[in-house]
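Shown next: my_file.txt, containing compact mmCIF, C-alpha atoms.
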# COMPACT_ATOMS: atom_id res chain seq x y z
CA MET A 1 -21.20 -1.53 -27.76
CA ALA A 2 -24.21 -0.17 -25.86
CA ASP A 3 -25.86 -1.83 -22.90
CA GLY A 4 -29.57 -1.83 -22.10
CA ASP A 5 -29.46 1.72 -20.73
CA GLY A 6 -27.77 3.04 -23.82
CA ALA A 7 -24.43 3.54 -22.06
CA ARG A 8 -21.42 2.37 -24.02
CA THR A 9 -19.36 -0.49 -22.63
CA VAL A 10 -16.23 -2.28 -23.72
CA ARG A 11 -16.49 -6.04 -23.44
CA GLU A 12 -13.81 -8.71 -23.71
CA ASP A 13 -14.16 -12.49 -23.52
CA ARG A 14 -11.40 -14.93 -22.62
CA GLU A 15 -11.23 -18.72 -22.30
CA LEU A 16 -8.72 -21.20 -20.96
CA GLY A 17 -9.03 -24.97 -20.66
CA GLY A 18 -12.79 -24.94 -20.86
CA PHE A 19 -13.25 -22.05 -18.42
CA ALA A 20 -14.68 -18.85 -19.84
CA GLY A 21 -15.06 -15.33 -18.54
CA THR A 22 -16.25 -11.91 -19.60
CA GLY A 23 -15.00 -8.50 -18.57
CA GLU A 24 -16.74 -5.18 -19.13
CA VAL A 25 -15.78 -1.58 -18.47
CA THR A 26 -17.47 1.72 -19.12
CA PRO A 27 -15.15 3.89 -21.18
CA ALA A 28 -13.96 6.80 -19.10
CA SER A 29 -11.08 8.49 -20.79
CA GLY A 30 -11.45 7.87 -24.49
CA ASP A 31 -8.37 5.65 -24.33
CA THR A 32 -9.81 2.63 -26.10
CA ALA A 33 -6.65 0.54 -25.80
CA THR A 34 -6.59 0.96 -22.04
CA ASP A 35 -10.30 0.22 -21.78
CA ARG A 36 -9.81 -3.01 -23.68
CA ARG A 37 -6.85 -4.04 -21.52
CA VAL A 38 -8.83 -3.50 -18.33
CA ALA A 39 -11.83 -5.37 -19.73
CA ALA A 40 -9.54 -8.23 -20.77
CA ALA A 41 -7.96 -8.36 -17.32
CA LYS A 42 -11.42 -8.59 -15.79
CA ALA A 43 -12.28 -11.39 -18.19
CA TRP A 44 -9.16 -13.32 -17.16
CA LEU A 45 -10.05 -12.81 -13.51
CA ALA A 46 -13.48 -14.29 -14.20
CA VAL A 47 -11.79 -17.25 -15.88
CA ALA A 48 -9.50 -17.74 -12.88
CA ARG A 49 -12.42 -17.62 -10.47
CA ALA A 50 -14.36 -20.14 -12.55
CA ALA A 51 -11.39 -22.48 -12.55
CA MET A 52 -10.75 -22.13 -8.83
CA ALA A 53 -14.43 -22.75 -8.11
CA VAL A 54 -13.95 -26.36 -9.19
CA GLY A 55 -10.43 -26.75 -7.82
CA ALA A 56 -8.62 -26.33 -11.14
CA ARG A 57 -5.64 -24.61 -9.57
CA PRO A 58 -3.19 -24.68 -12.51
CA GLN A 59 -5.79 -23.09 -14.78
CA GLY A 60 -6.65 -20.61 -12.06
CA PHE A 61 -3.03 -19.53 -11.74
CA GLU A 62 -2.46 -19.36 -15.47
CA ALA A 63 -5.61 -17.34 -16.13
CA ALA A 64 -4.67 -14.83 -13.44
CA ARG A 65 -1.12 -14.63 -14.81
CA ARG A 66 -2.43 -13.96 -18.31
CA GLY A 67 -4.64 -11.23 -16.90
CA VAL A 68 -1.66 -9.55 -15.28
CA GLU A 69 0.27 -9.88 -18.53
CA GLU A 70 -2.51 -8.48 -20.71
CA LEU A 71 -3.18 -5.58 -18.35
CA GLY A 72 0.48 -4.64 -18.76
CA ASP A 73 2.69 -2.28 -16.81
CA GLY A 74 1.02 1.02 -17.62
CA TYR A 75 -2.13 0.38 -15.61
CA ALA A 76 -1.14 2.62 -12.67
CA VAL A 77 -0.36 5.82 -14.57
CA GLY A 78 -2.47 8.56 -13.03
CA ALA A 79 -3.59 6.53 -10.04
CA ASP A 80 -3.22 8.21 -6.66
CA VAL A 81 -2.06 5.07 -4.87
CA GLU A 82 1.12 3.37 -3.79
CA ASP A 83 1.30 0.05 -5.58
CA ASP A 84 3.15 -2.81 -3.89
CA THR A 85 1.93 -5.48 -6.29
CA SER A 86 5.38 -5.93 -7.80
CA LEU A 87 6.22 -7.70 -4.55
CA LYS A 88 3.03 -9.75 -4.65
CA LEU A 89 3.70 -10.77 -8.25
CA LEU A 90 7.20 -11.95 -7.45
CA ALA A 91 5.89 -13.92 -4.47
CA ALA A 92 3.13 -15.52 -6.55
CA GLU A 93 5.52 -16.55 -9.30
CA GLN A 94 7.92 -18.03 -6.79
CA ALA A 95 5.08 -19.87 -5.05
CA ASN A 96 4.03 -21.35 -8.37
CA ASP A 97 7.60 -22.41 -9.17
CA GLU A 98 7.70 -24.19 -5.82
CA GLY A 99 4.29 -25.79 -6.33
CA ALA A 100 2.81 -24.01 -3.32
CA GLU A 101 -0.92 -24.41 -2.85
CA HIS A 102 -1.53 -20.70 -2.40
CA ALA A 103 0.04 -19.70 -5.73
CA PRO A 104 -3.27 -19.27 -7.64
CA THR A 105 -4.89 -17.15 -4.93
CA ALA A 106 -1.74 -15.06 -4.64
CA MET A 107 -1.73 -14.38 -8.37
CA MET A 108 -5.45 -13.62 -8.34
CA ARG A 109 -4.84 -11.06 -5.57
CA VAL A 110 -2.29 -9.34 -7.77
CA LEU A 111 -4.73 -9.19 -10.65
CA GLU A 112 -7.59 -7.95 -8.45
CA ASP A 113 -5.43 -5.20 -7.00
CA ARG A 114 -4.06 -4.09 -10.35
CA ILE A 115 -7.54 -3.97 -11.86
CA GLY A 116 -8.55 -1.80 -8.91
CA VAL A 117 -5.61 0.54 -9.50
CA ALA A 118 -6.35 0.69 -13.23
CA GLU A 119 -9.97 1.56 -12.61
CA ALA A 120 -8.98 4.22 -10.09
CA ALA A 121 -6.62 5.71 -12.65
CA ARG A 122 -9.37 5.84 -15.28
CA ARG A 123 -11.79 7.80 -13.07
CA MET B 1 10.49 14.02 22.25
CA THR B 2 7.08 12.47 22.25
CA ALA B 3 7.87 9.90 19.59
CA ARG B 4 10.89 8.34 18.00
CA VAL B 5 11.13 7.23 14.42
CA ASP B 6 13.66 4.54 15.11
CA GLY B 7 11.80 2.62 17.78
CA GLY B 8 10.88 2.83 21.42
CA GLU B 9 13.03 3.87 24.32
CA HIS B 10 12.24 4.10 28.03
CA GLY B 11 8.66 3.07 27.42
CA ASP B 12 8.19 5.45 24.52
CA PRO B 13 6.50 3.37 21.85
CA GLY B 14 8.09 5.08 18.86
CA ILE B 15 6.50 5.79 15.52
CA LEU B 16 7.54 2.51 13.96
CA ASP B 17 6.03 0.57 16.81
CA GLU B 18 2.69 2.22 16.14
CA LEU B 19 2.57 0.45 12.79
CA GLY B 20 2.85 -3.02 14.19
CA ASP B 21 2.71 -6.00 11.89
CA PRO B 22 1.89 -9.29 13.54
CA ALA B 23 2.90 -11.88 11.01
CA GLY B 24 0.06 -12.82 8.70
CA ALA B 25 -2.52 -10.96 10.73
CA LEU B 26 -3.06 -7.97 8.49
CA VAL B 27 -5.12 -8.06 5.34
CA GLY B 28 -4.43 -4.49 4.27
CA HIS B 29 -1.56 -2.08 4.47
CA ARG B 30 -1.22 0.24 7.43
CA VAL B 31 0.20 3.67 6.78
CA LEU B 32 1.77 6.42 8.88
CA LEU B 33 3.13 9.86 8.22
CA ALA B 34 6.00 10.89 10.48
CA VAL B 35 6.10 14.62 11.05
CA VAL B 36 7.93 17.24 13.07
CA GLY B 37 6.38 20.57 13.93
CA TRP B 38 6.00 23.52 16.24
CA ALA B 39 3.46 24.33 18.92
CA GLY B 40 0.62 26.61 17.98
CA ARG B 41 1.29 26.45 14.28
CA GLY B 42 -1.07 23.71 13.27
CA GLY B 43 -4.28 22.00 14.14
CA ARG B 44 -2.62 19.26 16.13
CA ASP B 45 0.09 19.72 18.70
CA VAL B 46 3.23 17.67 18.12
CA THR B 47 5.32 19.50 20.67
CA GLU B 48 6.40 18.59 24.13
CA PRO B 49 6.56 20.70 27.29
CA ARG B 50 10.01 21.49 28.63
CA ALA B 51 11.29 22.62 31.95
CA GLY B 52 10.47 26.29 32.33
CA GLY B 53 7.12 26.02 30.63
CA THR B 54 8.23 26.46 27.03
CA ARG B 55 7.57 23.90 24.38
CA GLU B 56 9.95 22.40 21.88
CA PRO B 57 9.27 21.00 18.44
CA GLY B 58 8.23 17.40 18.52
CA ALA B 59 7.75 14.41 16.30
CA GLY B 60 4.43 12.78 15.71
CA ALA B 61 2.64 10.42 13.42
CA ARG B 62 -0.59 10.50 11.45
CA ALA B 63 -2.25 7.20 10.67
CA GLY B 64 -3.53 6.91 7.13
CA PRO B 65 -6.49 4.98 5.79
CA PRO B 66 -6.09 1.21 5.61
CA GLY B 67 -5.11 -0.09 2.20
CA THR B 68 -5.75 -3.29 0.32
CA THR B 69 -3.35 -6.19 0.42
CA GLY B 70 -1.38 -4.73 -2.47
CA THR B 71 -2.05 -1.00 -2.55
CA PHE B 72 -2.51 1.96 -0.23
CA ARG B 73 -2.71 5.74 -0.14
CA VAL B 74 -0.28 7.86 1.83
CA ASN B 75 -2.19 10.51 3.77
CA TYR B 76 -0.08 13.44 2.63
CA THR B 77 -3.03 15.79 3.02
CA ASP B 78 -3.01 15.19 6.78
CA LEU B 79 0.08 17.36 7.07
CA GLN B 80 -0.84 20.34 9.21
CA PRO B 81 0.36 23.94 8.84
CA GLY B 82 3.67 24.32 10.64
CA GLU B 83 4.59 20.68 10.29
CA VAL B 84 7.27 19.18 8.09
CA LEU B 85 6.95 15.72 6.66
CA ILE B 86 10.02 13.69 7.47
CA ALA B 87 8.97 10.17 6.58
CA SER B 88 6.18 7.86 5.56
CA GLY B 89 5.86 4.29 6.69
CA HIS B 90 3.74 1.31 5.82
CA THR B 91 3.48 -2.40 6.35
CA HIS B 92 3.79 -5.27 3.90
CA PRO B 93 0.96 -7.62 4.79
CA TYR B 94 0.82 -11.17 3.46
CA ASP B 95 -1.98 -13.34 4.78
CA ALA B 96 -2.01 -17.13 4.57
CA THR B 97 -3.49 -17.15 1.07
CA GLU B 98 -0.46 -15.16 -0.08
CA GLY B 99 2.12 -17.26 1.71
CA GLY B 100 2.21 -15.46 5.08
CA HIS B 101 5.54 -13.83 4.22
CA THR B 102 7.36 -11.50 6.61
CA ASP B 103 10.68 -9.67 6.31
CA VAL B 104 9.72 -8.28 2.91
CA ALA B 105 11.62 -5.13 1.92
CA PHE B 106 10.66 -2.32 -0.46
CA SER B 107 8.69 -2.85 -3.66
CA ALA B 108 9.66 -1.35 -6.99
CA ALA B 109 6.98 1.30 -6.57
CA ASP B 110 8.05 2.12 -3.00
CA LEU B 111 11.41 3.20 -4.35
CA ALA B 112 10.31 4.72 -7.66
CA ASN B 113 7.75 6.91 -5.90
CA LEU B 114 10.58 8.67 -4.08
CA VAL B 115 10.96 10.66 -7.32
CA THR B 116 7.68 12.46 -6.71
CA GLY B 117 7.07 11.91 -2.99
CA ALA B 118 7.79 14.74 -0.56
CA GLU B 119 9.18 12.54 2.20
CA ARG B 120 12.94 12.17 2.44
CA VAL B 121 12.69 8.86 4.27
CA LYS B 122 10.46 5.84 3.84
CA PHE B 123 10.21 2.93 6.18
CA VAL B 124 8.52 -0.44 6.03
CA GLN B 125 7.75 -2.81 8.85
CA SER B 126 7.30 -6.44 7.84
CA GLY B 127 7.11 -8.91 10.67
CA ALA B 128 9.96 -8.12 13.06
CA THR B 129 12.11 -6.51 10.39
CA ARG B 130 12.28 -2.79 9.66
CA PHE B 131 13.52 -1.35 6.40
CA THR B 132 14.44 2.27 5.78
CA VAL B 133 15.45 4.12 2.65
CA ALA B 134 16.55 7.75 2.52
CA LYS B 135 17.11 10.20 -0.30
CA THR B 136 20.56 11.68 -0.90
CA ALA B 137 21.98 14.76 -2.56
CA GLU B 138 22.94 12.56 -5.49
CA PHE B 139 19.39 11.24 -5.79
CA ASP B 140 18.07 14.80 -5.59
CA ALA B 141 20.32 15.70 -8.53
CA LEU B 142 18.89 12.85 -10.59
CA VAL B 143 15.36 14.02 -9.83
CA ALA B 144 16.24 17.64 -10.57
CA ALA B 145 17.62 16.63 -13.95
CA ALA B 146 14.29 14.98 -14.74
CA ASP B 147 12.69 18.39 -15.10
CA THR B 148 9.49 17.45 -16.85
CA VAL B 149 6.62 15.16 -15.95
CA GLU B 150 7.57 12.85 -18.77
CA LYS B 151 11.21 12.67 -17.66
CA LYS B 152 10.14 11.90 -14.12
CA ARG B 153 7.92 9.10 -15.38
CA THR B 154 10.85 7.76 -17.37
CA LEU B 155 13.11 7.87 -14.31
CA MET B 156 10.50 6.07 -12.23
CA GLY B 157 10.06 3.48 -14.97
CA GLU B 158 13.80 2.89 -15.06
CA MET B 159 13.88 2.41 -11.30
CA ARG B 160 11.03 -0.09 -11.47
CA GLU B 161 12.72 -1.96 -14.30
CA THR B 162 16.00 -2.06 -12.34
CA TRP B 163 14.09 -3.61 -9.44
CA ASN B 164 12.33 -6.11 -11.72
CA ALA B 165 15.50 -7.12 -13.56
CA ALA B 166 17.48 -7.59 -10.36
CA SER B 167 14.76 -9.69 -8.77
CA ARG B 168 14.62 -11.90 -11.85
CA ALA B 169 18.40 -12.22 -11.95
CA SER B 170 18.74 -12.95 -8.24
CA THR B 171 20.15 -16.35 -7.41
CA ARG B 172 18.80 -16.26 -3.88
CA ARG B 173 16.41 -19.04 -3.05
CA THR B 174 13.78 -17.15 -1.09
CA PHE B 175 11.29 -14.52 -2.17
CA GLN B 176 12.59 -12.19 0.50
CA GLY B 177 16.16 -12.66 -0.72
CA LYS B 178 15.20 -11.78 -4.27
CA VAL B 179 13.53 -8.62 -2.98
CA LEU B 180 16.67 -7.67 -1.07
CA ASP B 181 18.76 -8.06 -4.20
CA ALA B 182 16.29 -5.90 -6.12
CA VAL B 183 16.31 -3.17 -3.47
CA GLY B 184 20.09 -3.25 -3.28
CA ALA B 185 20.36 -2.83 -7.05
CA VAL B 186 18.08 0.22 -7.03
CA ALA B 187 19.82 1.74 -4.00
CA ASP B 188 23.22 1.30 -5.59
CA ARG B 189 22.27 2.67 -8.99
CA TYR B 190 20.15 5.58 -7.83
CA HIS B 191 22.16 6.59 -4.75
CA LEU B 192 19.70 5.83 -2.00
CA VAL B 193 20.72 5.02 1.55
CA TYR B 194 19.26 1.68 2.55
CA TYR B 195 19.06 0.17 6.01
CA GLN B 196 17.52 -2.94 7.42
CA GLY B 197 17.38 -4.28 10.90
CA SER B 198 15.14 -5.23 13.76
CA GLY B 199 14.51 -3.96 17.25
CA ASP B 200 17.08 -1.32 18.10
CA ASP B 201 19.51 -2.45 15.42
CA LEU B 202 18.19 -0.35 12.57
CA ALA B 203 20.34 2.67 13.26
CA LYS B 204 23.40 0.46 13.56
CA ALA B 205 22.95 -1.25 10.23
CA THR B 206 25.53 -0.49 7.61
CA PRO B 207 23.97 1.39 4.72
CA TRP B 208 24.50 -0.13 1.31
CA VAL B 209 25.21 3.24 -0.22
CA HIS B 210 26.72 5.59 2.30
CA VAL B 211 25.88 9.12 1.25
CA GLU B 212 24.54 11.67 3.67
CA SER B 213 20.91 12.56 3.16
CA VAL B 214 19.75 16.13 3.52
CA ALA B 215 17.78 16.72 6.68
CA PRO B 216 14.31 18.19 6.22
CA ARG B 217 13.97 21.85 7.12
CA LEU B 218 11.34 23.33 9.36
CA PRO B 219 9.31 26.28 8.17
CA THR B 220 11.60 29.29 8.24
CA ASP B 221 9.71 31.84 10.25
CA PRO B 222 11.97 32.33 13.29
CA ALA B 223 10.17 35.47 14.45
CA ALA B 224 7.06 33.43 15.13
CA LEU B 225 8.87 30.75 17.09
CA PRO B 226 8.78 30.67 20.88
CA ALA B 227 11.86 31.82 22.72
CA VAL B 228 13.92 29.17 24.46
CA PRO B 229 16.00 29.91 27.55
CA PRO B 230 19.43 28.54 26.56
CA GLN B 231 20.31 27.68 30.15
CA VAL B 232 17.36 25.29 30.39
CA ALA B 233 18.49 23.30 27.41
CA ALA B 234 22.10 23.45 28.51
CA THR B 235 21.36 22.16 31.99
CA ALA B 236 19.53 19.21 30.58
CA GLN B 237 22.15 18.35 28.01
CA GLN B 238 25.53 19.04 29.58
CA PRO B 239 27.09 16.91 32.31
CA ALA B 240 28.47 18.72 35.31
CA ALA B 241 32.18 19.45 35.15
CA PRO B 242 34.50 18.28 37.94
CA GLY B 243 33.91 20.38 41.02
CA GLY B 244 30.20 20.65 40.41
CA THR B 245 30.22 23.46 37.87
CA ALA B 246 28.09 22.92 34.81
CA ALA B 247 30.03 22.87 31.57
CA ALA B 248 29.50 25.86 29.31
CA PRO B 249 26.67 25.03 26.91
CA PRO B 250 27.21 25.32 23.18
CA GLN B 251 25.09 28.02 21.62
CA GLU B 252 22.84 26.18 19.20
CA SER B 253 19.95 27.66 17.34
CA TRP B 254 16.50 26.16 17.50
CA LEU B 255 16.67 25.05 13.93
CA ALA B 256 20.11 23.53 14.37
CA SER B 257 18.88 21.73 17.46
CA VAL B 258 15.96 20.24 15.61
CA VAL B 259 18.09 19.18 12.69
CA THR B 260 20.48 17.51 15.11
CA LYS B 261 17.60 15.63 16.71
CA ILE B 262 16.20 14.52 13.36
CA ARG B 263 19.59 13.30 12.29
CA GLY B 264 19.85 11.41 15.55
CA TRP B 265 16.48 9.70 15.06
CA MET B 266 17.39 8.72 11.52
CA GLY B 267 20.88 7.60 12.38
CA TRP B 268 22.29 10.10 9.85
Output the file's structure as structure tokens, nothing else.
Amino acid sequence: MADGDGARTVREDRELGGFAGTGEVTPASGDTATDRRVAAAKAWLAVARAAMAVGARPQGFEAARRGVEELGDGYAVGADVEDDTSLKLLAAEQANDEGAEHAPTAMMRVLEDRIGVAEAARR
Amino acid sequence: MTARVDGGEHGDPGILDELGDPAGALVGHRVLLAVVGWAGRGGRDVTEPRAGGTREPGAGARAGPPGTTGTFRVNYTDLQPGEVLIASGHTHPYDATEGGHTDVAFSAADLANLVTGAERVKFVQSGATRFTVAKTAEFDALVAAADTVEKKRTLMGEMRETWNAASRASTRRTFQGKVLDAVGAVADRYHLVYYQGSGDDLAKATPWVHVESVAPRLPTDPAALPAVPPQVAATAQQPAAPGGTAAAPPQESWLASVVTKIRGWMGW
């Protein structure tokens, strides 16, 4: 779709437990599938933030986890960075299994970082 | 030497100590390149004066840009002419919102990136614990066999999946324990030498896969290297023989001397 300036954007909407979010990216590489995955990950991050804003921690964790899942494992191809988020993901999952309070923020950090890597790779 | 990779000695802070990692205090990664080089060959001097006024090759470190909590860039482009990259190091920061973890070993990407990274050694400091991984001749052969970009990506993907599968299969209770199992699985399968320890114990740790790594080589341009009076080095290195006569020094080339030093720092 085109935004108000005529530039094309890819937009994805996600919802979980009454929390909704939208993610948008400007296509950079012509790889539509990747663009949609990144937009979807951003949408899930918006959902997680909306949930956490009202203290809905389980929904916050789950939305961030779904964002990581939908972004997939190929997000870093071409990025000029060292990516330690595999560690962060393992720690977040373990924290959630143990019912730790920081589990949602830990998972959101993973998603934020991976979105950043994916966007760097698309430039 | 002006810096030691394996930690401080006699007040020398050591390259690893320059990283630091107070538990939970860092939001982003810190990064260092460890280098060895010659005087007068690059923009920055990593050599040390010796008795007699000559200089010998030295080790140094280049701090990289700070990273995020989960990602960072290694400052490979900071390598100066005449220097050889011997290692890269970084921290593993976890603030309170991520659990405040310390003692966290290598990530899947830390190990997989050895396929394309120029450094032969990587180290991580996490809290008080130091982790080191080194390439081997066997690992080099695996990388050489992956002779296309696509094959290298496949190899890296396999290493990451080995890490992920081992962490999921680990029966250890703690996050750190699961990471150790994952690192051990990758080191075993892909022939990497893996150490862990703290303080001065790193070099004494038993590697999980004991295969000698190949020492990095300095630029081979001997004609441009400064001359070294052998007797100066010999006097400093050899104990006096009974009767007060200095023992005959072994004749060791500059390059051999440097390689010996590097192997000493790395515990190879």
So that I can check the surroundings of Asp31 of chain A, please list as a PDB file with C-alpha atoms, in the coordinates of the input every protein, DNA and RNA residue that reaches within 12 Å of it, counting all atoms listed in the file and ignoring chain neighbours fewer than 3 positions away.
ATOM      1  CA  VAL A  10     -16.230  -2.280 -23.720  1.00  0.00           C
ATOM      2  CA  VAL A  25     -15.780  -1.580 -18.470  1.00  0.00           C
ATOM      3  CA  THR A  26     -17.470   1.720 -19.120  1.00  0.00           C
ATOM      4  CA  PRO A  27     -15.150   3.890 -21.180  1.00  0.00           C
ATOM      5  CA  ALA A  28     -13.960   6.800 -19.100  1.00  0.00           C
ATOM      6  CA  THR A  34      -6.590   0.960 -22.040  1.00  0.00           C
ATOM      7  CA  ASP A  35     -10.300   0.220 -21.780  1.00  0.00           C
ATOM      8  CA  ARG A  36      -9.810  -3.010 -23.680  1.00  0.00           C
ATOM      9  CA  ARG A  37      -6.850  -4.040 -21.520  1.00  0.00           C
ATOM     10  CA  VAL A  38      -8.830  -3.500 -18.330  1.00  0.00           C
ATOM     11  CA  TYR A  75      -2.130   0.380 -15.610  1.00  0.00           C
ATOM     12  CA  ALA A 121      -6.620   5.710 -12.650  1.00  0.00           C
ATOM     13  CA  ARG A 122      -9.370   5.840 -15.280  1.00  0.00           C
ATOM     14  CA  ARG A 123     -11.790   7.800 -13.070  1.00  0.00           C
TER      15      ARG A 123
END
**OP:** Do a neighbour search on segment 21-23 of chain A at 7 Å with all atoms listed in the file, toss out local chain neighbours closer than 6 positions, and write the hits as a ChimeraX atom specification.
**Re:** /A:11-15,39-40,42-44,46-47
**OP:** Select all residues from chain A having any atom no more than 8 Å from an atom of chain B (counting all atoms listed in the file, ignoring ligands), output as a PyMOL selection string.
**Re:** chain A and resi 80-88+90-92+94-95+102-103+105-106+109-110+113+117
Original post:
Which one is closest to Glu24 of chain A: A:Val77, A:Ala64, A:Leu45, A:Val54? Count only C-alpha atoms.
Top reply: A:Leu45
**OP:** Please indicate the distance in Å from atom CA of Gly197 of chain B to atom CA of Leu79 of chain B, rounded to one decimal place.
**Re:** 28.0 Å
